[in-house]
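Participant: Structure file protein_21.csv (CSV, C-alpha atoms and all ligand atoms) right here:
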```
chain,number,residue,atom,x,y,z
A,1202,MET,CA,-16.0,-26.8,-13.0
A,1203,GLY,CA,-14.0,-23.6,-13.4
A,1204,LYS,CA,-10.7,-23.3,-15.3
A,1205,LYS,CA,-7.6,-24.7,-13.6
A,1206,TYR,CA,-4.1,-23.2,-14.2
A,1207,ASN,CA,-0.5,-24.4,-14.6
A,1208,VAL,CA,1.4,-22.6,-11.9
A,1209,ALA,CA,5.2,-22.3,-11.3
A,1210,ILE,CA,6.9,-21.3,-8.1
A,1211,VAL,CA,10.4,-20.0,-8.6
A,1212,GLY,CA,12.3,-20.3,-5.3
A,1213,ALA,CA,9.9,-23.0,-4.0
A,1214,THR,CA,12.5,-24.3,-1.5
A,1215,GLY,CA,12.9,-20.9,0.2
A,1216,MET,CA,11.0,-19.3,3.1
A,1217,VAL,CA,8.6,-17.4,0.8
A,1218,GLY,CA,8.3,-20.5,-1.4
A,1219,ALA,CA,7.1,-22.6,1.5
A,1220,GLU,CA,4.5,-20.0,2.2
A,1221,PHE,CA,3.4,-20.0,-1.4
A,1222,ILE,CA,2.8,-23.7,-1.2
A,1223,LYS,CA,0.8,-23.3,2.0
A,1224,VAL,CA,-1.3,-20.3,0.8
A,1225,LEU,CA,-2.1,-21.9,-2.6
A,1226,GLU,CA,-3.3,-25.1,-0.7
A,1227,GLU,CA,-5.3,-23.2,1.9
A,1228,ARG,CA,-7.0,-20.9,-0.5
A,1229,LYS,CA,-7.7,-23.8,-2.9
A,1230,PHE,CA,-6.2,-21.9,-5.8
A,1231,PRO,CA,-7.4,-23.7,-9.0
A,1232,ILE,CA,-4.3,-25.6,-10.0
A,1233,LYS,CA,-4.0,-28.0,-12.9
A,1234,ASP,CA,-0.3,-28.6,-12.5
A,1235,ILE,CA,2.3,-27.1,-10.2
A,1236,ARG,CA,6.0,-26.8,-11.1
A,1237,LEU,CA,8.4,-26.2,-8.3
A,1238,LEU,CA,11.6,-24.5,-9.3
A,1239,ALA,CA,14.8,-23.7,-7.4
A,1240,SER,CA,18.6,-23.8,-7.8
A,1241,GLY,CA,20.7,-26.7,-8.8
A,1242,ARG,CA,21.4,-27.2,-5.1
A,1243,SER,CA,17.8,-28.4,-4.6
A,1244,LYS,CA,17.7,-30.8,-7.6
A,1245,GLY,CA,16.3,-34.1,-6.5
A,1246,LYS,CA,14.5,-32.7,-3.5
A,1247,SER,CA,10.7,-33.3,-3.3
A,1248,LEU,CA,8.1,-31.0,-1.7
A,1249,LYS,CA,4.5,-31.9,-0.8
A,1250,PHE,CA,1.7,-30.0,-2.5
A,1251,CYS,CA,-1.9,-31.0,-1.7
A,1252,GLY,CA,-0.7,-34.3,-0.2
A,1253,LYS,CA,1.4,-35.3,-3.3
A,1254,LEU,CA,5.2,-35.2,-3.6
A,1255,HIS,CA,6.5,-33.1,-6.4
A,1256,GLN,CA,10.2,-33.1,-7.5
A,1257,VAL,CA,11.9,-29.8,-7.4
A,1258,GLN,CA,13.3,-28.9,-10.8
A,1259,GLU,CA,16.4,-26.8,-11.5
A,1260,LEU,CA,15.4,-23.4,-12.9
A,1261,GLY,CA,16.4,-23.0,-16.6
A,1262,ARG,CA,15.5,-21.1,-19.7
A,1263,ASP,CA,12.9,-23.7,-20.7
A,1264,SER,CA,11.2,-24.0,-17.3
A,1265,PHE,CA,8.1,-22.0,-18.3
A,1266,LYS,CA,6.7,-24.0,-21.2
A,1267,GLY,CA,3.0,-24.4,-20.6
A,1268,ILE,CA,3.0,-22.3,-17.4
A,1269,GLU,CA,0.2,-19.7,-17.1
A,1270,ILE,CA,1.1,-18.1,-13.8
A,1271,ALA,CA,4.6,-17.8,-12.4
A,1272,LEU,CA,5.2,-16.8,-8.8
A,1273,PHE,CA,8.8,-15.6,-8.4
A,1274,SER,CA,10.6,-15.4,-5.0
A,1275,ALA,CA,14.3,-16.3,-5.7
A,1276,GLY,CA,15.9,-12.9,-5.4
A,1277,ALA,CA,16.5,-10.0,-7.7
A,1278,SER,CA,19.1,-11.4,-10.1
A,1279,ILE,CA,16.9,-14.5,-10.8
A,1280,SER,CA,13.8,-12.3,-11.4
A,1281,LYS,CA,15.8,-10.0,-13.7
A,1282,GLU,CA,16.9,-12.8,-15.9
A,1283,PHE,CA,14.0,-15.3,-15.8
A,1284,ALA,CA,10.8,-13.2,-15.3
A,1285,PRO,CA,11.0,-11.8,-18.9
A,1286,LEU,CA,11.6,-15.3,-20.2
A,1287,ALA,CA,8.5,-16.6,-18.3
A,1288,SER,CA,6.5,-13.7,-19.6
A,1289,LYS,CA,7.7,-14.4,-23.2
A,1290,ALA,CA,6.7,-18.0,-22.8
A,1291,GLY,CA,3.1,-16.9,-22.1
A,1292,ALA,CA,3.0,-16.8,-18.3
A,1293,ILE,CA,1.8,-13.9,-16.2
A,1294,VAL,CA,4.6,-13.3,-13.6
A,1295,VAL,CA,3.9,-12.1,-10.1
A,1296,ASP,CA,7.4,-11.1,-8.8
A,1297,ASN,CA,8.4,-10.7,-5.2
A,1298,SER,CA,11.8,-9.1,-5.9
A,1299,SER,CA,12.5,-5.3,-6.1
A,1300,VAL,CA,13.7,-5.4,-9.8
A,1301,PHE,CA,10.5,-4.3,-11.5
A,1302,ARG,CA,8.7,-2.5,-8.7
A,1303,MET,CA,9.5,1.1,-9.8
A,1304,ASP,CA,9.3,0.4,-13.5
A,1305,PRO,CA,6.5,2.7,-14.7
A,1306,GLY,CA,5.2,-0.1,-17.1
A,1307,VAL,CA,4.9,-2.6,-14.2
A,1308,PRO,CA,1.9,-2.4,-11.8
A,1309,LEU,CA,2.9,-2.6,-8.1
A,1310,VAL,CA,-0.1,-4.0,-6.4
A,1311,VAL,CA,-1.6,-4.5,-3.0
A,1312,PRO,CA,-5.2,-5.8,-3.8
A,1313,GLU,CA,-6.8,-3.9,-0.8
A,1314,VAL,CA,-5.3,-0.6,-2.0
A,1315,ASN,CA,-4.9,-0.5,-5.8
A,1316,PRO,CA,-6.6,-3.6,-7.4
A,1317,GLY,CA,-7.3,-1.5,-10.5
A,1318,ALA,CA,-3.6,-1.4,-11.4
A,1319,ILE,CA,-3.6,-5.2,-12.1
A,1320,LYS,CA,-5.3,-4.9,-15.4
A,1321,ARG,CA,-2.6,-2.6,-16.8
A,1322,HIS,CA,0.0,-5.4,-16.7
A,1323,LYS,CA,2.0,-6.4,-19.7
A,1324,GLY,CA,3.1,-9.8,-18.4
A,1325,ILE,CA,4.7,-8.8,-15.1
A,1326,ILE,CA,3.1,-7.6,-11.9
A,1327,ALA,CA,5.3,-6.6,-9.0
A,1328,ASN,CA,4.6,-7.5,-5.3
A,1329,PRO,CA,5.7,-4.7,-3.0
A,1330,ASN,CA,8.3,-4.9,-0.3
A,1331,CYS,CA,7.0,-6.6,2.9
A,1332,SER,CA,7.3,-3.6,5.1
A,1333,THR,CA,5.5,-1.4,2.6
A,1334,ILE,CA,2.5,-3.8,2.1
A,1335,GLN,CA,1.5,-3.9,5.8
A,1336,MET,CA,1.8,-0.2,6.1
A,1337,VAL,CA,-0.2,0.9,3.0
A,1338,VAL,CA,-3.1,-1.5,3.8
A,1339,VAL,CA,-3.6,0.4,7.0
A,1340,LEU,CA,-2.8,3.9,5.7
A,1341,LYS,CA,-5.1,3.8,2.6
A,1342,PRO,CA,-8.5,4.0,4.4
A,1343,LEU,CA,-7.0,6.7,6.7
A,1344,HIS,CA,-5.7,8.6,3.6
A,1345,ASP,CA,-9.2,8.4,2.0
A,1346,ALA,CA,-10.8,9.8,5.2
A,1347,ALA,CA,-8.3,12.6,6.1
A,1348,LYS,CA,-5.6,12.9,3.4
A,1349,ILE,CA,-2.2,11.9,4.8
A,1350,LYS,CA,0.5,14.6,4.2
A,1351,ARG,CA,3.4,13.0,6.0
A,1352,VAL,CA,4.4,9.5,7.3
A,1353,VAL,CA,7.3,8.8,9.7
A,1354,VAL,CA,7.9,5.1,10.1
A,1355,SER,CA,10.3,3.0,12.2
A,1356,THR,CA,10.3,-0.7,11.5
A,1357,TYR,CA,11.2,-3.7,13.6
A,1358,GLN,CA,11.8,-6.3,11.0
A,1359,SER,CA,12.2,-10.0,11.6
A,1360,VAL,CA,15.1,-12.1,10.3
A,1361,SER,CA,13.0,-14.2,8.0
A,1362,GLY,CA,12.6,-11.1,5.9
A,1363,TRP,CA,16.2,-11.8,4.8
A,1364,GLY,CA,15.6,-15.5,4.0
A,1365,LYS,CA,16.4,-18.8,5.7
A,1366,GLU,CA,20.1,-18.1,6.1
A,1367,ALA,CA,19.4,-15.1,8.4
A,1368,VAL,CA,17.0,-17.2,10.5
A,1369,ASP,CA,19.9,-19.8,10.8
A,1370,GLN,CA,22.2,-17.0,11.8
A,1371,LEU,CA,19.9,-15.9,14.7
A,1372,TRP,CA,19.4,-19.4,16.0
A,1373,GLU,CA,23.1,-20.3,15.9
A,1374,GLU,CA,24.2,-17.0,17.5
A,1375,THR,CA,21.6,-17.5,20.2
A,1376,GLU,CA,22.7,-21.1,20.8
A,1377,VAL,CA,26.3,-20.1,21.1
A,1378,ALA,CA,25.6,-17.2,23.4
A,1379,LEU,CA,23.4,-19.3,25.7
A,1380,SER,CA,25.9,-22.2,25.8
A,1381,GLU,CA,28.6,-19.7,26.8
A,1382,LYS,CA,26.2,-17.8,29.1
A,1383,ARG,CA,27.4,-14.5,27.6
A,1384,GLU,CA,27.0,-12.4,24.5
A,1385,VAL,CA,29.5,-13.5,21.9
A,1386,LYS,CA,31.0,-11.1,19.3
A,1387,SER,CA,30.2,-12.1,15.7
A,1388,ASP,CA,33.8,-12.5,14.8
A,1389,LYS,CA,34.2,-15.3,17.4
A,1390,LEU,CA,31.5,-17.4,15.8
A,1391,LYS,CA,32.9,-20.0,13.6
A,1392,LYS,CA,29.9,-22.2,12.6
A,1393,VAL,CA,27.6,-19.3,11.6
A,1394,LYS,CA,27.3,-18.1,8.0
A,1395,LYS,CA,27.0,-14.4,8.7
A,1396,VAL,CA,24.5,-12.9,6.2
A,1397,LEU,CA,23.3,-10.0,8.3
A,1398,PRO,CA,25.6,-7.0,8.6
A,1399,ALA,CA,26.1,-7.5,12.4
A,1400,LYS,CA,25.3,-10.0,15.2
A,1401,ILE,CA,21.6,-10.2,15.6
A,1402,ALA,CA,21.1,-12.3,18.7
A,1403,PHE,CA,20.5,-10.0,21.7
A,1404,ASN,CA,21.0,-7.0,19.4
A,1405,VAL,CA,19.2,-4.8,16.8
A,1406,ILE,CA,20.7,-3.6,13.5
A,1407,PRO,CA,19.7,-0.2,12.0
A,1408,GLN,CA,20.5,-1.4,8.5
A,1409,ILE,CA,18.4,-3.4,6.1
A,1410,ASP,CA,19.8,-3.8,2.6
A,1411,VAL,CA,22.6,-1.5,1.3
A,1412,PHE,CA,23.3,2.2,2.0
A,1413,LEU,CA,22.5,4.7,-0.8
A,1414,PRO,CA,24.3,8.0,-1.5
A,1415,ASN,CA,21.5,9.9,0.4
A,1416,ARG,CA,22.5,7.9,3.6
A,1417,TYR,CA,19.1,6.1,3.7
A,1418,THR,CA,19.2,2.3,3.1
A,1419,LYS,CA,17.6,0.7,0.0
A,1420,GLU,CA,14.9,-0.8,2.2
A,1421,GLU,CA,14.0,2.7,3.6
A,1422,MET,CA,13.8,4.2,0.1
A,1423,LYS,CA,11.6,1.3,-1.0
A,1424,MET,CA,9.1,2.3,1.7
A,1425,VAL,CA,9.2,5.9,0.5
A,1426,ASN,CA,8.9,5.3,-3.3
A,1427,GLU,CA,6.6,2.2,-3.2
A,1428,THR,CA,4.1,3.9,-0.8
A,1429,ARG,CA,3.7,6.8,-3.3
A,1430,LYS,CA,3.3,4.4,-6.3
A,1431,ILE,CA,0.8,2.1,-4.6
A,1432,MET,CA,-1.3,4.9,-3.1
A,1433,GLU,CA,-1.1,6.7,-6.4
A,1434,ASP,CA,-0.2,10.0,-4.7
A,1435,SER,CA,3.2,11.4,-5.2
A,1436,ASP,CA,2.5,14.2,-2.7
A,1437,ILE,CA,2.7,12.0,0.4
A,1438,ASN,CA,6.0,12.6,2.2
A,1439,VAL,CA,7.5,9.5,3.8
A,1440,THR,CA,10.6,9.0,5.9
A,1441,ALA,CA,11.6,5.6,7.2
A,1442,THR,CA,14.2,4.0,9.5
A,1443,CYS,CA,14.3,0.3,9.0
A,1444,VAL,CA,15.7,-1.9,11.8
A,1445,ARG,CA,16.4,-5.7,12.0
A,1446,VAL,CA,15.4,-7.2,15.3
A,1447,PRO,CA,15.9,-10.7,16.7
A,1448,VAL,CA,12.3,-11.9,15.9
A,1449,ILE,CA,11.9,-14.9,13.6
A,1450,THR,CA,8.7,-13.9,11.8
A,1451,SER,CA,6.5,-10.8,11.5
A,1452,HIS,CA,7.5,-7.2,11.0
A,1453,SER,CA,6.3,-4.5,13.4
A,1454,GLU,CA,6.2,-0.8,12.6
A,1455,ALA,CA,5.7,2.4,14.6
A,1456,VAL,CA,4.0,4.7,12.2
A,1457,ASN,CA,3.3,8.4,12.7
A,1458,ILE,CA,1.0,10.2,10.3
A,1459,GLU,CA,0.1,13.8,9.8
A,1460,THR,CA,-3.1,14.5,8.0
A,1461,GLU,CA,-4.6,17.4,6.3
A,1462,ASN,CA,-8.0,17.0,8.0
A,1463,LYS,CA,-8.7,16.1,11.6
A,1464,LEU,CA,-9.1,12.4,12.4
A,1465,THR,CA,-9.6,11.3,16.0
A,1466,PRO,CA,-8.2,8.0,17.3
A,1467,GLU,CA,-11.8,6.8,17.8
A,1468,GLU,CA,-12.7,7.7,14.1
A,1469,ALA,CA,-9.5,6.0,12.9
A,1470,ILE,CA,-10.4,2.8,14.9
A,1471,GLU,CA,-13.9,2.7,13.4
A,1472,ILE,CA,-12.5,3.1,9.9
A,1473,LEU,CA,-9.8,0.5,10.5
A,1474,LYS,CA,-12.3,-2.0,11.9
A,1475,LYS,CA,-14.1,-1.9,8.6
A,1476,ALA,CA,-10.9,-2.0,6.4
A,1477,PRO,CA,-10.3,-5.1,4.4
A,1478,GLY,CA,-7.4,-7.3,5.6
A,1479,VAL,CA,-7.0,-5.3,8.8
A,1480,GLU,CA,-7.7,-6.3,12.4
A,1481,VAL,CA,-7.7,-3.8,15.3
A,1482,ILE,CA,-6.2,-5.0,18.6
A,1483,ASP,CA,-6.2,-1.9,20.8
A,1484,ASP,CA,-7.3,-2.0,24.4
A,1485,PRO,CA,-4.8,-0.2,26.7
A,1486,SER,CA,-7.0,-1.0,29.7
A,1487,LYS,CA,-6.2,-4.7,29.2
A,1488,GLU,CA,-2.7,-4.1,27.8
A,1489,LYS,CA,-3.8,-5.5,24.4
A,1490,TYR,CA,-1.9,-4.6,21.3
A,1491,PRO,CA,-0.5,-6.5,18.3
A,1492,LEU,CA,2.6,-8.7,18.8
A,1493,PRO,CA,4.8,-10.2,16.1
A,1494,ILE,CA,4.7,-13.6,17.8
A,1495,ASP,CA,0.9,-13.7,17.6
A,1496,ALA,CA,0.8,-12.4,14.0
A,1497,ALA,CA,3.1,-15.2,12.7
A,1498,GLY,CA,1.2,-17.6,10.5
A,1499,LYS,CA,-1.8,-15.4,10.2
A,1500,ASP,CA,-3.2,-13.5,7.2
A,1501,ALA,CA,-4.3,-10.2,8.8
A,1502,ILE,CA,-2.5,-7.0,9.3
A,1503,TYR,CA,-2.9,-6.0,12.9
A,1504,VAL,CA,-3.0,-2.5,14.2
A,1505,GLY,CA,-3.1,-1.0,17.7
A,1506,ARG,CA,-1.7,1.6,20.0
A,1507,ILE,CA,-3.8,4.1,18.0
A,1508,ARG,CA,-3.5,7.5,19.6
A,1509,ARG,CA,-3.4,11.2,18.9
A,1510,ASP,CA,0.0,12.7,18.2
A,1511,ALA,CA,-0.2,15.6,20.6
A,1512,SER,CA,2.9,17.4,19.0
A,1513,VAL,CA,1.0,18.4,15.8
A,1514,LYS,CA,-2.4,19.8,14.9
A,1515,ASN,CA,-3.6,16.7,13.0
A,1516,GLY,CA,-1.6,13.6,13.7
A,1517,LEU,CA,-1.9,10.0,14.8
A,1518,ASP,CA,0.5,7.3,16.0
A,1519,LEU,CA,-0.1,3.6,15.2
A,1520,TRP,CA,1.6,0.2,15.7
A,1521,ILE,CA,1.3,-2.2,12.7
A,1522,VAL,CA,2.2,-5.8,12.8
A,1523,SER,CA,2.0,-8.5,10.1
A,1524,ASP,CA,3.6,-11.8,9.0
A,1525,ASN,CA,6.2,-10.8,6.4
A,1526,LEU,CA,6.2,-14.1,4.7
A,1527,ARG,CA,2.4,-14.2,4.3
A,1528,LYS,CA,0.8,-10.8,3.6
A,1529,GLY,CA,4.3,-9.4,3.2
A,1530,ALA,CA,5.0,-11.8,0.4
A,1531,ALA,CA,3.2,-15.0,-0.6
A,1532,LEU,CA,-0.3,-14.2,0.4
A,1533,ASN,CA,-0.3,-10.8,-1.3
A,1534,ALA,CA,1.1,-12.4,-4.5
A,1535,VAL,CA,-1.5,-15.2,-4.5
A,1536,GLU,CA,-4.3,-12.6,-3.9
A,1537,ILE,CA,-3.0,-10.8,-7.0
A,1538,ALA,CA,-3.1,-14.1,-8.9
A,1539,GLU,CA,-6.7,-14.6,-7.7
A,1540,HIS,CA,-7.7,-11.2,-9.1
A,1541,LEU,CA,-6.0,-12.1,-12.4
A,1542,ILE,CA,-8.2,-15.2,-12.8
A,1543,LYS,CA,-11.4,-13.6,-11.6
A,1601,LIG,N1,11.4,-13.2,3.3
A,1601,LIG,C1,10.5,-12.2,3.2
A,1601,LIG,O1,9.9,-11.7,4.1
A,1601,LIG,C2,10.3,-11.6,1.8
A,1601,LIG,C3,9.3,-10.7,1.7
A,1601,LIG,C4,9.0,-10.2,0.4
A,1601,LIG,C5,9.9,-10.5,-0.6
A,1601,LIG,N2,10.9,-11.4,-0.4
A,1601,LIG,C6,11.7,-11.7,-1.6
A,1601,LIG,O2,11.6,-13.1,-1.9
A,1601,LIG,C7,12.8,-13.6,-2.4
A,1601,LIG,C8,13.2,-14.9,-1.6
A,1601,LIG,O3,13.1,-14.7,-0.3
A,1601,LIG,P1,13.2,-15.9,0.8
A,1601,LIG,O4,13.0,-15.3,2.1
A,1601,LIG,O5,12.2,-17.0,0.4
A,1601,LIG,O6,14.7,-16.4,0.6
A,1601,LIG,P2,15.3,-17.8,0.9
A,1601,LIG,O7,14.6,-18.5,2.0
A,1601,LIG,O8,16.8,-17.6,1.1
A,1601,LIG,O9,15.1,-18.7,-0.4
A,1601,LIG,C9,15.7,-18.4,-1.6
A,1601,LIG,C10,15.0,-19.2,-2.7
A,1601,LIG,O10,15.6,-18.8,-4.0
A,1601,LIG,C11,16.1,-20.0,-4.6
A,1601,LIG,N3,17.3,-19.6,-5.4
A,1601,LIG,C12,18.5,-19.0,-5.0
A,1601,LIG,N4,19.4,-19.0,-6.0
A,1601,LIG,C13,18.7,-19.5,-7.1
A,1601,LIG,C14,19.1,-19.8,-8.4
A,1601,LIG,N5,20.3,-19.4,-8.9
A,1601,LIG,N6,18.2,-20.4,-9.3
A,1601,LIG,C15,17.0,-20.8,-8.8
A,1601,LIG,N7,16.6,-20.6,-7.6
A,1601,LIG,C16,17.5,-20.0,-6.7
A,1601,LIG,C17,16.5,-20.9,-3.5
A,1601,LIG,O11,16.7,-22.2,-4.0
A,1601,LIG,P3,17.7,-23.2,-3.2
A,1601,LIG,O12,17.0,-23.7,-2.0
A,1601,LIG,O13,17.9,-24.3,-4.3
A,1601,LIG,O14,19.0,-22.5,-2.9
A,1601,LIG,C18,15.3,-20.7,-2.6
A,1601,LIG,O15,14.3,-21.5,-3.1
A,1601,LIG,C19,13.8,-12.5,-2.3
A,1601,LIG,O16,13.8,-11.8,-3.5
A,1601,LIG,C20,13.2,-11.6,-1.2
A,1601,LIG,O17,13.6,-10.2,-1.4
A,1601,LIG,C21,11.1,-12.0,0.8
```
Let me see whether you can do it: turn the structure in this file into structure tokens.

Facilitator:
Amino acid sequence: MGKKYNVAIVGATGMVGAEFIKVLEERKFPIKDIRLLASGRSKGKSLKFCGKLHQVQELGRDSFKGIEIALFSAGASISKEFAPLASKAGAIVVDNSSVFRMDPGVPLVVPEVNPGAIKRHKGIIANPNCSTIQMVVVLKPLHDAAKIKRVVVSTYQSVSGWGKEAVDQLWEETEVALSEKREVKSDKLKKVKKVLPAKIAFNVIPQIDVFLPNRYTKEEMKMVNETRKIMEDSDINVTATCVRVPVITSHSEAVNIETENKLTPEEAIEILKKAPGVEVIDDPSKEKYPLPIDAAGKDAIYVGRIRRDASVKNGLDLWIVSDNLRKGAALNAVEIAEHLIK
């Protein structure tokens, strides 16, 4: 029998936490003991893991005694304070927050793209932003084939990307609007805890995370900077517009790439059919393309609408869809942990 590990999930009661539990079970990660950690609000709650109920414990400074792998998804401030403590206690941390991603001493890893970076860790490995992960898995094999010079991406990101309170906001706003049979302005909604910057039901919001001095949002700059770090190529130019849409799960992206060398849509499709973690759904004659509703709950990154960008010499347009809670968060982190124990 192979070695089994003591694993902690920080943020176990959240949307990503729930996916961590599912993914670890499904992939039969070799677990000796699981420790489920959350805030004081969840103290006393129990969650099922592999058919057995486990009490959720309140996260504290001593939570990591005996833990070998700690999977963090409880937000940036929690990671900032507790990931170094977990690492000091002997655990290897895989962190879902943005805190350590651009730290030059912390590997930022997507196993299909830069698995070699894992071994450079010093106790903490960062999991990239959900919208970056699904994009780079598709772009890497195309970059290897034709050298990408520039990426222009517009995202259509689901509300679960902002956590369970944003999902509740969408449901409640939708219910109120349907019951009144009209669109309701956010300031009229009393029951809803508004966590998104505007009403999301029957709307789209061109803001994800806060604005920066350069007028991009933080989410957009994550896509720029993280793509360069993961692809290990600081010459790739990236510009992003990130938009929240009233979809529960799965982010979609319209991606335009300009390449140094010519790559036809047919060549790109053949490359992507062989790419790990990618599934091509692209049949205009049957109106087949990836949809967020179909990608939810699945592991793959789906790509379609692959066509030549006729406005430049060497360019392609693509449509990329993936479940933000799985490959965009929990699955990618568990795959990193699988590499660690190989
Ligand atoms: N959602 C995504 O698609 C996605 C993708 C990539 C990365 N992430 C990152 O993953 C993290 C969590 O996202 P989520 O969507 O799972 O959010 P969520 O559904 O709102 O869950 C938040 C989790 O954090 C816990 N938490 C909050 N404050 C805490 C505290 N003071 N001490 C201990 N635990 C605390 C919550 O515990 P309680 O239930 O006890 O409050 C809950 O388990 C965020 O950093 C997010 O940026 C999310």

Participant: Quick one: of A:Val1479, A:Ser1355, A:Ser1361, A:Pro1285, who's nearest to Glu1421 of chain A, counting all atoms listed in the file?

Facilitator: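 Of A:Val1479, A:Ser1355, A:Ser1361, A:Pro1285, the one nearest Glu1421 of chain A, counting all atoms listed in the file, is A:Ser1355.
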
Participant: Residues at most 9 Å from Met1422 of chain A, counting all atoms listed in the file, excluding those fewer than 5 positions away in the same chain, as a PyMOL selection string?

Facilitator: chain A and resi 1413+1417+1427+1440-1441

Participant: Write to file, as an mmCIF file, in the frame of the given file, the residues of the selection just made, with C-alpha atoms.

Facilitator:
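Final file, result-v9.cif:
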```
data_model
loop_
_atom_site.group_PDB
_atom_site.id
_atom_site.type_symbol
_atom_site.label_atom_id
_atom_site.label_comp_id
_atom_site.auth_asym_id
_atom_site.auth_seq_id
_atom_site.Cartn_x
_atom_site.Cartn_y
_atom_site.Cartn_z
ATOM 1 C CA LEU A 1413 22.500 4.700 -0.800
ATOM 2 C CA TYR A 1417 19.100 6.100 3.700
ATOM 3 C CA GLU A 1427 6.600 2.200 -3.200
ATOM 4 C CA THR A 1440 10.600 9.000 5.900
ATOM 5 C CA ALA A 1441 11.600 5.600 7.200
#
```

Participant: Could you list, as JSON, numbers by chain, all protein and nucleic acid residues with an atom at most 7 Å from ligand LIG 1601 (chain A), counting only C-alpha atoms and all ligand atoms?

Facilitator: {"A": [1211, 1212, 1213, 1214, 1215, 1216, 1217, 1218, 1238, 1239, 1240, 1241, 1242, 1243, 1259, 1260, 1274, 1275, 1276, 1277, 1279, 1297, 1298, 1299, 1330, 1331, 1361, 1362, 1363, 1364, 1365, 1366, 1525, 1526, 1529, 1530]}

Participant: Mind pulling up the distance from atom CA of Ala1531 of chain A to atom CA of Gly1267 of chain A?

Facilitator: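 Computing the Euclidean distance for atom CA of Gly1267 of chain A and atom CA of Ala1531 of chain A yields 22.1 Å.
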
Participant: Looking at A:Arg1508, A:Lys1249, A:Lys1514, A:Lys1543, which one is nearest to Pro1466 of chain A, with distances taken over all atoms listed in the file?

Facilitator: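 Nearest candidate to Pro1466 of chain A out of A:Arg1508, A:Lys1249, A:Lys1514, A:Lys1543: A:Arg1508.
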
Participant: Quick one: of A:Ile1270, A:Leu1309, A:Ile1222, A:Leu1473, who's nearest to Lys1205 of chain A, counting all atoms listed in the file?

Facilitator: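 Smallest distance to Lys1205 of chain A is found for A:Ile1270.
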
Participant: Just to confirm, what's the straight-line distance from atom CA of Pro1342 of chain A to atom CA of Val1314 of chain A in Å (one decimal)?

Facilitator: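 Atom CA of Val1314 of chain A lies 8.5 Å from atom CA of Pro1342 of chain A.
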
Participant: Using atom CA of Lys1223 of chain A and atom CA of Cys1251 of chain A as the two end points, give the distance in Å to one decimal.

Facilitator: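 Answer for the atom CA of Lys1223 of chain A to atom CA of Cys1251 of chain A separation: 9.0 Å.
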
Participant: Using only C-alpha atoms, list the residues that have an atom at most 10 Å from (-5.2, -10.9, 5.0), coordinates as in the file, as a list of chain:residue names.

Facilitator: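 Selection result: A:Glu1313, A:Gln1335, A:Val1338, A:Pro1477, A:Gly1478, A:Val1479, A:Glu1480, A:Lys1499, A:Asp1500, A:Ala1501, A:Ile1502, A:Tyr1503, A:Ser1523, A:Asp1524, A:Arg1527, A:Lys1528, A:Gly1529, A:Leu1532, A:Asn1533, A:Glu1536.
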
Participant: Counting all atoms listed in the file, find the residues whose atoms lie at most 12 Å from (15.4, -25.4, -19.9) (file coordinates) and write them out as a list in words.

Facilitator: Leu1238, Gln1258, Glu1259, Leu1260, Gly1261, Arg1262, Asp1263, Ser1264, Phe1265, Lys1266, Phe1283, Leu1286, Ala1287 and Ala1290 of chain A

Participant: Could you give me, as a ChimeraX atom specification, the residues within 10 Å of Leu1541 of chain A, counting only C-alpha atoms and dropping anything in the same chain fewer than 3 positions from it?

Facilitator: /A:1270,1293,1316,1319-1320,1322,1535-1538

Participant: Residues at most 7 Å from Ser1451 of chain A, counting only C-alpha atoms, excluding those fewer than 2 positions away in the same chain, as a VMD selection string?

Facilitator: chain A and resid 1358 to 1359 1453 1493 1496 to 1497 1522 to 1525
